[in-house]
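Below is one structure, written out as structure tokens; comments come after it.
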Number of protein chains: 2
Amino acid sequence: MINFTHYLPTRFVFGRGVENQTGELVRALGATKVLIHYGGGSAVRSGLIARVEASLDAAGVKHVSLGGAQPNPRDTKVYEGIELIRREKVDFVLAVGGGSAIDSAKAMAHGALYEGDFWDFFCGKAKPEKSLPKGVVLTMSAAGSESSDSCVITQAATKTKRGLNTELNRPLLAIMNPELTMTLPPYQIACGATDILAHIMERYFSNEPDCDLTDRLCEGTMQAVIRAARVMVKTPTDYDAASQLMWASTIAHNDTLSVGRVKDFASHQIEHELSALYDCAHGAGLAVVFPGWLRFMLKKPEKVMRLAQFAVRVWGCEMDFEHPEKTAALGIDAYVSWLKSIRMPVTFAELGAREEDIPYLAKKVKRPNPDGTVGKFYALNTEEIEEIYRLCL
Amino acid sequence: MINFTHYLPTRFVFGRGVENQTGELVRALGATKVLIHYGGGSAVRSGLIARVEASLDAAGVKHVSLGGAQPNPRDTKVYEGIELIRREKVDFVLAVGGGSAIDSAKAMAHGALYEGDFWDFFCGKAKPEKSLPKGVVLTMSAAGSESSDSCVITQAATKTKRGLNTELNRPLLAIMNPELTMTLPPYQIACGATDILAHIMERYFSNEPDCDLTDRLCEGTMQAVIRAARVMVKTPTDYDAASQLMWASTIAHNDTLSVGRVKDFASHQIEHELSALYDCAHGAGLAVVFPGWLRFMLKKPEKVMRLAQFAVRVWGCEMDFEHPEKTAALGIDAYVSWLKSIRMPVTFAELGAREEDIPYLAKKVKRPNPDGTVGKFYALNTEEIEEIYRLCL
């Protein structure tokens with residue numbers, strides 16, 4: 001294990017009906033005027049926004065609303081929110097929705113207290129030093145943004161998708177009613193489950209030795225996600241499966257499962273360019289990219305045992321002690337079979353992505369390592385990223 | 001999953017050398033004068049107290065010290081601490097040690113701000129409403145008190161051991177250097193590992209259905225503890241094993257592993273009377289009690305499948321689908337073998353406990369259920385508690 005600091009300021013309030021506590025919970029955090037930021041009309045039509053507003057009213061907390069958060073949330077909406085926060089003297093930002101609404105709300109909360117352009121934080125020109133307090137009423141199990149330190153925004157004009165990691169990104173409050181996720185289309189549920197599993201895999205594929213506990217926490221959560229996703233895609237109203245997916249989404253991305261080790265996150269960077277260019281769902285993009293990344297790693301002899309452990313402990317494959325690479329390959333097959341079973345795309349074509357774009361995509365991938373590569377488990381250069389994209393064809 | 005709230009205000013700073021950051025970390029929490037509370041002379045002799053004091057000095061934070069926290073910490077020391085805190089106008093309590101020093105410090109922090117007798121909180125006469133902020137420099141992986149909501153104190157005059165659960169018990173800071181646990185005698189390391197496993201078992205044996213994720217988090221952590229304990233009892237200087245035991249001790253008892261389910265904690269109550277009467281180590285008492293509790297549950301047909309799951313998933317036993325009770329029994333055997341392998345006592349006699357005390361012990365066990373029983377997985381009455389004690393002979 002490497003040295004680490006772990007601090008989660010988020011208060012999680014989880015279960016049936018908890019959205020009706022929003023007012024008192026937000027007031028306890030000192031809020032006097034809340035910006036409710038949500039996505040499409042479904043939160044309005046389902047009556048959720050009205051319930052949240054009623055709860056705020058009952059607690060005597062004022063509020064204004066801003067809808068229209070989109071998947072792959074845009075900088076344009078963030079600018080709109082920042083202006084509204086300043087004009088209305090908002091002191092608490094409440095996202096009602098999934099990762100898109102939450103990330104959009106996070107960027108607004110940082111930007112509202114910054115004199116310059118909030119995009120400075122995403123292009124690396126500045127670091128946020130303060131932010132408005134944030135809360136979430138979660139409606140989708142996926143991004144884990146309800147307590148993660150990350151936020152991803154797309155610059156609409158350039159189709160550039162960039163992430164920001166800072167402790168200021170962690171909301172102080174996560175109101176989590178699994179019932180709210182039951183009305184999502186199965187495709188979105190599956191995209192969410194794919195994202196959850198990917199967040200864990202980004203932590204699981206790591207070179208730090210002897211992290212047995214961290215390994216087992218990852219493996220156990222992956223097994224639970226695999227099972228709950230299969231159930232929920234068939235039966236979205238299964239409360240227990242919904243609960244497990246929802247809590248898994250949270251711990252998958254708030255570092256509960258990754259203390260003492262370095263995260264990889266190459267696959268996320270490689271995916272970001274797909275959803276930025278083709279505007280596909282992030283989960284769907286990951287379903288295409290991650291098998292390619294695994295197939296690439298299978299060719300590296302020093303990575304085989306890690307892939308075999310993934311196959312045996314997560315997918316229940318039998319260990320072939322003479323040919324561990326066969327076991328490793330079986331694990332990749334099992335992962336792809338699971339993706340197909342929850343009806344995710346697993347090829348470029350299914351995603352609407354095009355082979356001829358690969359050089360452009362590979363060049364655009366953010367490569368944050370000092371030597372211009374991306375990934376910690378294995379540091380990828382541009383040619384290798386191209387190779388991974390080709391393994392996704 | 002049942003509804004839950006989860007909030008962990010503790011900032012964990014983990015790894016080699018982190019105790020040298022104590023001063024700046026404590027100052028960042030607003031401390032101006034710290035009470036350092038520790039146990040025996042080992043923390044002084046090892047130079048740890050001097051390093052902590054030097055770090056406080058460097059950060060310009062004043063401090064006073066109080067040693068003498070004992071295993072099964074006494075009310076007498078708590079009264080002493082409360083007086084010192086008031087006299088010296090201390091505004092932050094820093095425990096340096098394991099569960100005993102931490103629990104003692106927690107009780108002091110509550111009592112210092114209470115006009116009545118702090119024991120009121122432990123005998124159920126009053127509830128604490130405020131407390132001084134607390135921090136921990138951890139030297140033992142065991143009780144998990146560094147971020148748990150619990151605190152156990154023994155009234156010396158009556159040998160009555162009582163626990164208090166409140167959110168106010170959670171420290172704001174946990175400074176965790178696994179190296180500090182490497183100088184403990186193997187017996188204490190083993191007692192700690194037994195306690196960690198017991199904390200997880202109290203959460204794992206639960207009747208809430210369909211908590212697959214929580215189950216798997218518990219199972220994975222138990223597997224890591226079983227392995228790390230075997231390594232560390234033989235080789236106390238194994239940093240990775242020490243790291244895993246230390247982090248496991250924390251998550252085993254801060255509810256990371258038990259969201260959405262009800263904890264049992266009958267075995268802890270049954271053990272408390274052993275350590276109160278015979279002054280044995282808490283972990284050693286648990287090593288005797290928990291196998292007895294499991295043997296009792298093995299006789300209840302409705303509990304067999306849960307025990308079989310424990311046997312298969314935690315201990316690697318093969319499932320006997322025709323006779324699951326045989327698998328369940330193998331799991332208990334495996335648990336007892338593990339306890340013996342780390343040289344824990346597993347019988348009353350080895351603990352110095354006496355058969356003739358059983359009726360007295362059984363009568364004294366705290367039974368917090370409204371109907372005068374103890375335990376949630378299975379509610380035990382006095383006769384059944386006696387039966388469990390007899391199964392420990």
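Every chain in the structure tokens has a letter given in the order shown (A, B, ...), and although residue numbers restart at 1 in each chain, ligands are simply numbered from 1 in the order shown.
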Residues of chain B that approach chain A to 10 Å or less, counting only C-alpha atoms: could you list each one with the shortest pair of atoms and its distance in Å to one decimal, rows by chain and increasing residue number, as CSV?
```
residue,atom,partner,partner_atom,distance
B:Met1,CA,A:Asp240,CA,6.4
B:Ile2,CA,A:Gly15,CA,6.8
B:Asn3,CA,A:Gly15,CA,4.2
B:Phe4,CA,A:Phe14,CA,5.3
B:Thr5,CA,A:Val13,CA,4.5
B:His6,CA,A:Phe12,CA,5.0
B:Tyr7,CA,A:Arg11,CA,4.6
B:Leu8,CA,A:Leu8,CA,6.7
B:Pro9,CA,A:Pro9,CA,6.0
B:Thr10,CA,A:Tyr7,CA,6.6
B:Arg11,CA,A:Tyr7,CA,4.6
B:Phe12,CA,A:His6,CA,5.0
B:Val13,CA,A:Thr5,CA,4.5
B:Phe14,CA,A:Phe4,CA,5.3
B:Gly15,CA,A:Asn3,CA,4.2
B:Arg16,CA,A:Asn3,CA,6.7
B:Gly17,CA,A:Asn3,CA,9.2
B:Val18,CA,A:Asn3,CA,8.5
B:Leu172,CA,A:Tyr7,CA,9.8
B:Leu173,CA,A:Tyr7,CA,9.4
B:Ala174,CA,A:Thr5,CA,9.9
B:Ile175,CA,A:Thr5,CA,9.5
B:Met176,CA,A:Asn3,CA,9.7
B:Asn177,CA,A:Asn3,CA,9.0
B:Pro209,CA,A:Asp240,CA,8.6
B:Asp210,CA,A:Asp240,CA,6.1
B:Cys211,CA,A:Gln244,CA,7.4
B:Asp212,CA,A:Ala224,CA,6.0
B:Leu213,CA,A:Ala224,CA,5.1
B:Thr214,CA,A:Gln244,CA,8.5
B:Asp215,CA,A:Gly220,CA,8.4
B:Arg216,CA,A:Gly220,CA,4.7
B:Leu217,CA,A:Leu217,CA,5.5
B:Cys218,CA,A:Leu217,CA,8.4
B:Glu219,CA,A:Gly220,CA,7.9
B:Gly220,CA,A:Arg216,CA,4.7
B:Thr221,CA,A:Leu213,CA,6.0
B:Met222,CA,A:Leu213,CA,8.8
B:Gln223,CA,A:Arg216,CA,8.0
B:Ala224,CA,A:Leu213,CA,5.1
B:Val225,CA,A:Leu213,CA,7.8
B:Arg227,CA,A:Asp212,CA,8.8
B:Ala228,CA,A:Asp212,CA,8.6
B:Tyr239,CA,A:Met1,CA,8.5
B:Asp240,CA,A:Asp210,CA,6.1
B:Ala241,CA,A:Asp210,CA,8.0
B:Ala242,CA,A:Met1,CA,9.9
B:Ser243,CA,A:Met1,CA,6.8
B:Gln244,CA,A:Leu213,CA,6.1
B:Leu245,CA,A:Leu213,CA,8.7
B:Trp247,CA,A:Leu213,CA,8.4
B:Ala248,CA,A:Leu213,CA,7.5
B:Ile251,CA,A:Thr256,CA,9.4
B:Thr256,CA,A:Thr256,CA,8.4
B:Leu257,CA,A:Leu217,CA,9.8
B:Val259,CA,A:Trp247,CA,8.9
B:Gly260,CA,A:Phe14,CA,8.5
```
Taking only stretch 19-118 of chain A into account, list the residues labelled strand (DSSP E) by DSSP (computed from the backbone), as a list of chain:residue names.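 Strand (DSSP E) assignments inside stretch 19-118 of chain A correspond to A:Lys33, A:Val34, A:Leu35, A:Ile36, A:His37, A:Tyr38, A:Lys62, A:His63, A:Val64, A:Ser65, A:Leu66, A:Phe92, A:Val93, A:Leu94, A:Ala95, A:Val96, A:Gly97.
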Distance criterion (only C-alpha atoms): nearest to A:Leu29 out of A:Ile49, A:Ala58, A:Ala143, A:Leu94: A:Leu94
Given only C-alpha atoms, how would the per-residue table for stretch 102-185 of chain B near stretch 67-71 of chain B read, listing every residue at most 12 Å away with its closest atom pair and distance in Å to one decimal, sorted by chain and number, as a tab-separated table?
```
residue	atom	partner	partner_atom	distance
B:Ile102	CA	B:Ala69	CA	8.8
B:Asp103	CA	B:Ala69	CA	9.2
B:Ser104	CA	B:Ala69	CA	6.8
B:Ala105	CA	B:Ala69	CA	8.8
B:Lys106	CA	B:Ala69	CA	11.9
B:Ala107	CA	B:Ala69	CA	11.9
B:Met108	CA	B:Ala69	CA	11.6
B:Ala143	CA	B:Pro71	CA	11.3
B:Val152	CA	B:Pro71	CA	10.6
B:Ile153	CA	B:Pro71	CA	9.8
B:Thr154	CA	B:Pro71	CA	9.7
B:Ala156	CA	B:Gln70	CA	11.4
B:Lys161	CA	B:Pro71	CA	11.8
```
So which residues of stretch 284-319 of chain B fall under alpha helix (DSSP H) by DSSP, listed as a VMD selection string? chain B and resid 284 to 298 304 to 309 315
Atom CA of A:Asn381 and atom CA of A:Ser258 are how many Å apart?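 Atom CA of A:Asn381 sits 24.9 Å away from atom CA of A:Ser258.
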